[in-house]
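Below you'll find the structure, written out as structure tokens, and then a few comments.
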Amino acid sequence: MTKKEQAPFPWVPVIRFGLGRLRLAPETFWALSLPELVALIGAETHPGHATRNDLEDLMARFPDRFGTDPQESASRQAARNHGGPNATLPSARTRRASDD
């Protein structure tokens with residue numbers, strides 16, 4: 001690639017991003033190396049939305065654990081100990097009657 005074919009570096013948007021969006025002090029901005037600047041710019045991008053296939057992959061890699069496994073999450077233990085996820089609370093009328 002010859003010098004004539006190279007596009008100029010986009011200084012204005014890069015400076016606007018570094019000083020405006022990231023709110024870096026000018027001395028901090030100008031002290032960044034190009035790889036550091038690229039990493040900071042990349043940190044602003046967000047991953048895409050998860051798909052059904054992504055969810056199924058995660059479910060296969062990290063299946064739910066039931067029983068008394070010591071690694072079982074506290075919320076799952078609480079749900080299991082209190083009737084599970086399908087448990088219903090007594091109605092307000094029943095609770096008031098039992099409170100008397």
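Just remember, in the structure tokens the first chain shown is A, the second B, etc., residues are 1-based per chain, and ligands are 1-based in the order shown.
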
- Message: Show me, as a ChimeraX atom specification, the residues that have an atom within 9 Å of stretch 10-18 of chain A when counting only C-alpha atoms, minus same-chain residues fewer than 3 positions from it.
- Response: /A:7,21-26,29,37,40-41

I need the residues from that last selection saved to file as a CSV table (one decimal), in the first residue's frame (with N, CA, C and O atoms), if you can.
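To be explicit, this is the file written out as out.csv:
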```
chain,number,residue,atom,x,y,z
A,7,ALA,N,-5.6,5.8,4.2
A,7,ALA,CA,-6.6,6.8,4.7
A,7,ALA,C,-6.0,7.5,5.9
A,7,ALA,O,-5.3,6.9,6.7
A,21,ARG,N,-16.3,11.1,25.6
A,21,ARG,CA,-17.0,9.9,26.1
A,21,ARG,C,-16.4,9.3,27.3
A,21,ARG,O,-17.0,9.0,28.2
A,22,LEU,N,-15.0,9.1,27.2
A,22,LEU,CA,-14.3,8.4,28.3
A,22,LEU,C,-13.9,9.4,29.4
A,22,LEU,O,-13.5,9.0,30.5
A,23,ARG,N,-14.0,10.7,29.1
A,23,ARG,CA,-13.7,11.8,30.0
A,23,ARG,C,-12.2,11.6,30.6
A,23,ARG,O,-12.0,11.8,31.7
A,24,LEU,N,-11.3,11.3,29.7
A,24,LEU,CA,-9.9,11.2,30.1
A,24,LEU,C,-9.3,12.6,30.1
A,24,LEU,O,-9.7,13.5,29.3
A,25,ALA,N,-8.4,12.8,31.0
A,25,ALA,CA,-7.7,14.1,31.0
A,25,ALA,C,-6.8,14.1,29.8
A,25,ALA,O,-6.3,13.1,29.3
A,26,PRO,N,-6.6,15.3,29.2
A,26,PRO,CA,-5.7,15.3,28.0
A,26,PRO,C,-4.4,14.6,28.1
A,26,PRO,O,-4.0,13.9,27.2
A,29,PHE,N,-5.0,11.0,27.9
A,29,PHE,CA,-5.3,10.6,26.6
A,29,PHE,C,-4.1,10.5,25.7
A,29,PHE,O,-3.8,9.5,25.0
A,37,LEU,N,-5.5,2.4,23.5
A,37,LEU,CA,-6.7,3.2,22.9
A,37,LEU,C,-7.7,2.3,22.2
A,37,LEU,O,-8.9,2.4,22.4
A,40,LEU,N,-9.7,0.5,24.9
A,40,LEU,CA,-10.7,1.4,25.5
A,40,LEU,C,-11.9,1.5,24.5
A,40,LEU,O,-13.0,1.5,24.9
A,41,ILE,N,-11.6,1.7,23.3
A,41,ILE,CA,-12.7,1.9,22.3
A,41,ILE,C,-13.5,0.6,22.2
A,41,ILE,O,-14.7,0.6,22.2
```

- Note on the structure: Here atom CA of A:Leu58 and atom CA of A:Ala39 stand apart by 27.0 Å
